[in-house]
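The structure appears below as structure tokens.
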Amino acid sequence: MPSRLHRYYGAGYLHFITTSCYQRAPILGNGRNRDLFLRTLERVRRRYRFVVVGYVIMPEHVHLLLSEPERGNPSRVMQALKQGYARRLLGRLRRASSAQQGCLWSTVLEEGHIWQRRFYDFVVRTERKRIEKLRYIHRNPVKRGLVLEPEQWRWSSYRHYAYGESGMVLGNEQQKAELKVRVPMVS
């Protein structure tokens, strides 16, 4: 792995981002944890002001197709997203911890790791690549055998595109342009 990772930001392109759970553990393997991730993503989206073009939350990884944020950069967004989710999940697990919980959760609590350290970022420069990445995102649960059809997986942006449904994360939500009018000074 390279010691210094170079990211390309500032050109206004979309970013296809993949991040994995620590040691590919299925931390996002239940609906409650995936819902928590989506709520965290929406909070971060609002704070950093970026567009979520597409997403899918899988049991052990996440794919996101994002615009560059108005505040910060995609690395800052991913840091806030991963830390925010980890804090909320670890807090919930600590409150609910008991001897009856499974091995996965005790390991997560002991080690305190939710995510792999880095994330994969592919810069999407063309409409063709945007469509390719969206198809990949939406077909991922089918390819993995989690569902038979993409619309059956609640934790993706597919239903937004296919049926116009709004989910926990506002998809393709552009910031509304604000008209700034100068009031002339009267002397």
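If you're wondering about the labels, chains in the structure tokens are A, B, ... by order shown, residues count from 1 in each chain, ligands from 1 in order shown.
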Selection near Tyr9 of chain A, 8 Å with only C-alpha atoms, sequence-local residues under 5 positions removed, as a list of chain:residue names: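 Selected residues are A:Glu68, A:Asn73, A:Pro74.
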Contact table segment 10-98 of chain A vs segment 150-165 of chain A, cut-off 7 Å, shortest pair per residue, only C-alpha atoms, as a Markdown table:
```
| residue | atom | partner | partner_atom | distance |
| --- | --- | --- | --- | --- |
| A:Arg34 | CA | A:Trp155 | CA | 7.0 |
| A:Gly54 | CA | A:Ser157 | CA | 5.3 |
| A:Tyr55 | CA | A:Ser156 | CA | 5.2 |
| A:Val56 | CA | A:Ser156 | CA | 4.1 |
| A:Ile57 | CA | A:Trp155 | CA | 5.5 |
```
Prev. selection, N, CA, C and O atoms, output as a PDB file, in the first residue's frame:
```pdb
ATOM      1  N   ARG A  34     -27.762  -0.614   9.345  1.00  0.00           N
ATOM      2  CA  ARG A  34     -27.791   0.067   8.047  1.00  0.00           C
ATOM      3  C   ARG A  34     -28.614   1.354   8.141  1.00  0.00           C
ATOM      4  O   ARG A  34     -28.232   2.379   7.572  1.00  0.00           O
ATOM      5  N   GLY A  54     -25.912   8.412  -5.576  1.00  0.00           N
ATOM      6  CA  GLY A  54     -26.310   7.028  -5.395  1.00  0.00           C
ATOM      7  C   GLY A  54     -25.594   6.411  -4.208  1.00  0.00           C
ATOM      8  O   GLY A  54     -24.549   6.898  -3.785  1.00  0.00           O
ATOM      9  N   TYR A  55     -26.181   5.329  -3.674  1.00  0.00           N
ATOM     10  CA  TYR A  55     -25.557   4.622  -2.552  1.00  0.00           C
ATOM     11  C   TYR A  55     -26.119   3.217  -2.450  1.00  0.00           C
ATOM     12  O   TYR A  55     -27.218   2.928  -2.929  1.00  0.00           O
ATOM     13  N   VAL A  56     -25.353   2.359  -1.823  1.00  0.00           N
ATOM     14  CA  VAL A  56     -25.833   1.055  -1.377  1.00  0.00           C
ATOM     15  C   VAL A  56     -25.070   0.705  -0.107  1.00  0.00           C
ATOM     16  O   VAL A  56     -23.861   0.916  -0.020  1.00  0.00           O
ATOM     17  N   ILE A  57     -25.794   0.200   0.875  1.00  0.00           N
ATOM     18  CA  ILE A  57     -25.205  -0.225   2.141  1.00  0.00           C
ATOM     19  C   ILE A  57     -25.265  -1.746   2.156  1.00  0.00           C
ATOM     20  O   ILE A  57     -26.342  -2.327   2.212  1.00  0.00           O
TER      21      ILE A  57
END
```
- Item | Residue nearest Thr19 of chain A among A:Glu42, A:Asp121, A:Asp35, A:Glu127 (counting only C-alpha atoms) |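 Smallest distance to Thr19 of chain A is found for A:Asp121.
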>> I'd like to know which of A:Arg45, A:His113, A:Arg135, A:Arg76 is closest to Ile27 of chain A, using only C-alpha atoms.
In response: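 When distances to Ile27 of chain A are compared using only C-alpha atoms, the smallest one comes from A:His113.
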| field | Within 8 Å of Lys133 of chain A using only C-alpha atoms, minus same-chain residues under 3 positions, as a list in words | value |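 With the cut-off at 8 Å, the set is Phe16, Leu65, Lys129, Arg130, Tyr136 and Ile137 of chain A.
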Hey, can you spit out that residue selection with N, CA and C atoms as a PDB file, in the first residue's frame?
```pdb
ATOM      1  N   PHE A  16     -16.889   8.110  -6.809  1.00  0.00           N
ATOM      2  CA  PHE A  16     -17.410   6.781  -6.481  1.00  0.00           C
ATOM      3  C   PHE A  16     -16.529   6.259  -5.360  1.00  0.00           C
ATOM      4  N   LEU A  65     -21.854   7.361  -4.360  1.00  0.00           N
ATOM      5  CA  LEU A  65     -21.539   8.209  -5.508  1.00  0.00           C
ATOM      6  C   LEU A  65     -21.933   9.617  -5.085  1.00  0.00           C
ATOM      7  N   LYS A 129     -19.658   6.967 -17.245  1.00  0.00           N
ATOM      8  CA  LYS A 129     -19.124   6.370 -16.011  1.00  0.00           C
ATOM      9  C   LYS A 129     -20.110   6.537 -14.859  1.00  0.00           C
ATOM     10  N   ARG A 130     -20.827   7.675 -14.812  1.00  0.00           N
ATOM     11  CA  ARG A 130     -21.818   7.887 -13.755  1.00  0.00           C
ATOM     12  C   ARG A 130     -22.888   6.799 -13.826  1.00  0.00           C
ATOM     13  N   TYR A 136     -23.750  -0.421 -11.092  1.00  0.00           N
ATOM     14  CA  TYR A 136     -22.962  -1.298 -10.218  1.00  0.00           C
ATOM     15  C   TYR A 136     -23.500  -1.235  -8.789  1.00  0.00           C
ATOM     16  N   ILE A 137     -23.720  -0.015  -8.304  1.00  0.00           N
ATOM     17  CA  ILE A 137     -24.245   0.185  -6.949  1.00  0.00           C
ATOM     18  C   ILE A 137     -25.572  -0.550  -6.777  1.00  0.00           C
TER      19      ILE A 137
END
```
Open item on the list: Write out as number ranges by chain the set of residues from segment 72-157 of chain A that DSSP, computed on the backbone, places in helix (DSSP H, G or I).
Closed with: A: 74-96, 103-111, 127-143, 150-152
Saved selection, atoms kept: C-alpha atoms, as a PDB file, in the first residue's frame:
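Final output, part17.pdb:
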```
ATOM      1  CA  PRO A  74     -14.513  14.032   0.116  1.00  0.00           C
ATOM      2  CA  SER A  75     -11.808  12.912   2.566  1.00  0.00           C
ATOM      3  CA  ARG A  76     -13.244  15.186   5.249  1.00  0.00           C
ATOM      4  CA  VAL A  77     -16.757  13.909   4.439  1.00  0.00           C
ATOM      5  CA  MET A  78     -15.624  10.279   4.785  1.00  0.00           C
ATOM      6  CA  GLN A  79     -13.846  11.048   8.052  1.00  0.00           C
ATOM      7  CA  ALA A  80     -16.991  12.664   9.489  1.00  0.00           C
ATOM      8  CA  LEU A  81     -19.207   9.855   8.184  1.00  0.00           C
ATOM      9  CA  LYS A  82     -17.060   7.016   9.488  1.00  0.00           C
ATOM     10  CA  GLN A  83     -16.371   8.648  12.857  1.00  0.00           C
ATOM     11  CA  GLY A  84     -19.981   9.725  13.347  1.00  0.00           C
ATOM     12  CA  TYR A  85     -21.299   6.256  12.585  1.00  0.00           C
ATOM     13  CA  ALA A  86     -18.649   4.538  14.742  1.00  0.00           C
ATOM     14  CA  ARG A  87     -19.421   6.780  17.737  1.00  0.00           C
ATOM     15  CA  ARG A  88     -23.151   6.153  17.487  1.00  0.00           C
ATOM     16  CA  LEU A  89     -22.844   2.407  16.930  1.00  0.00           C
ATOM     17  CA  LEU A  90     -20.217   1.836  19.642  1.00  0.00           C
ATOM     18  CA  GLY A  91     -22.265   3.930  22.076  1.00  0.00           C
ATOM     19  CA  ARG A  92     -25.360   1.882  21.364  1.00  0.00           C
ATOM     20  CA  LEU A  93     -23.430  -1.383  21.670  1.00  0.00           C
ATOM     21  CA  ARG A  94     -21.857  -0.342  24.969  1.00  0.00           C
ATOM     22  CA  ARG A  95     -25.247   0.577  26.410  1.00  0.00           C
ATOM     23  CA  ALA A  96     -26.717  -2.743  25.309  1.00  0.00           C
ATOM     24  CA  CYS A 103     -18.929 -12.804  19.341  1.00  0.00           C
ATOM     25  CA  LEU A 104     -18.932 -10.192  16.549  1.00  0.00           C
ATOM     26  CA  TRP A 105     -20.219  -7.439  18.836  1.00  0.00           C
ATOM     27  CA  SER A 106     -17.908  -8.256  21.726  1.00  0.00           C
ATOM     28  CA  THR A 107     -14.956  -8.176  19.310  1.00  0.00           C
ATOM     29  CA  VAL A 108     -16.134  -4.835  17.903  1.00  0.00           C
ATOM     30  CA  LEU A 109     -16.463  -3.406  21.408  1.00  0.00           C
ATOM     31  CA  GLU A 110     -13.093  -4.750  22.565  1.00  0.00           C
ATOM     32  CA  GLU A 111     -11.182  -3.500  19.538  1.00  0.00           C
ATOM     33  CA  GLU A 127     -21.959  10.641 -17.848  1.00  0.00           C
ATOM     34  CA  ARG A 128     -21.196   7.139 -19.125  1.00  0.00           C
ATOM     35  CA  LYS A 129     -19.124   6.370 -16.011  1.00  0.00           C
ATOM     36  CA  ARG A 130     -21.818   7.887 -13.755  1.00  0.00           C
ATOM     37  CA  ILE A 131     -24.408   5.493 -15.206  1.00  0.00           C
ATOM     38  CA  GLU A 132     -21.971   2.568 -14.987  1.00  0.00           C
ATOM     39  CA  LYS A 133     -21.267   3.257 -11.310  1.00  0.00           C
ATOM     40  CA  LEU A 134     -24.975   3.677 -10.485  1.00  0.00           C
ATOM     41  CA  ARG A 135     -25.771   0.354 -12.151  1.00  0.00           C
ATOM     42  CA  TYR A 136     -22.962  -1.298 -10.218  1.00  0.00           C
ATOM     43  CA  ILE A 137     -24.245   0.185  -6.949  1.00  0.00           C
ATOM     44  CA  HIS A 138     -27.850  -0.876  -7.551  1.00  0.00           C
ATOM     45  CA  ARG A 139     -27.007  -4.383  -8.773  1.00  0.00           C
ATOM     46  CA  ASN A 140     -24.617  -5.156  -5.920  1.00  0.00           C
ATOM     47  CA  PRO A 141     -27.227  -6.689  -3.548  1.00  0.00           C
ATOM     48  CA  VAL A 142     -28.568  -8.877  -6.401  1.00  0.00           C
ATOM     49  CA  LYS A 143     -25.086  -9.996  -7.437  1.00  0.00           C
ATOM     50  CA  PRO A 150     -32.663  -4.333  -6.838  1.00  0.00           C
ATOM     51  CA  GLU A 151     -35.933  -2.765  -5.634  1.00  0.00           C
ATOM     52  CA  GLN A 152     -36.085  -5.345  -2.817  1.00  0.00           C
TER      53      GLN A 152
END
```
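Among the candidate residues A:Phe37, A:Arg32, A:Pro59, A:Val51, the one lying nearest to Arg71 of chain A is A:Val51, with distances computed using only C-alpha atoms.
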Using only C-alpha atoms, the best pick from A:Leu148, A:Met58, A:Leu38, A:Val124 as closest to Arg24 of chain A would be A:Met58
In terms of only C-alpha atoms, the residue from A:Glu149, A:Val169, A:Arg144, A:Gln116 at minimal distance from Val52 of chain A is A:Val169
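Closest approach to Asn33 of chain A among A:Glu60, A:Arg118, A:Thr126, A:Pro69: A:Glu60, based on only C-alpha atoms.
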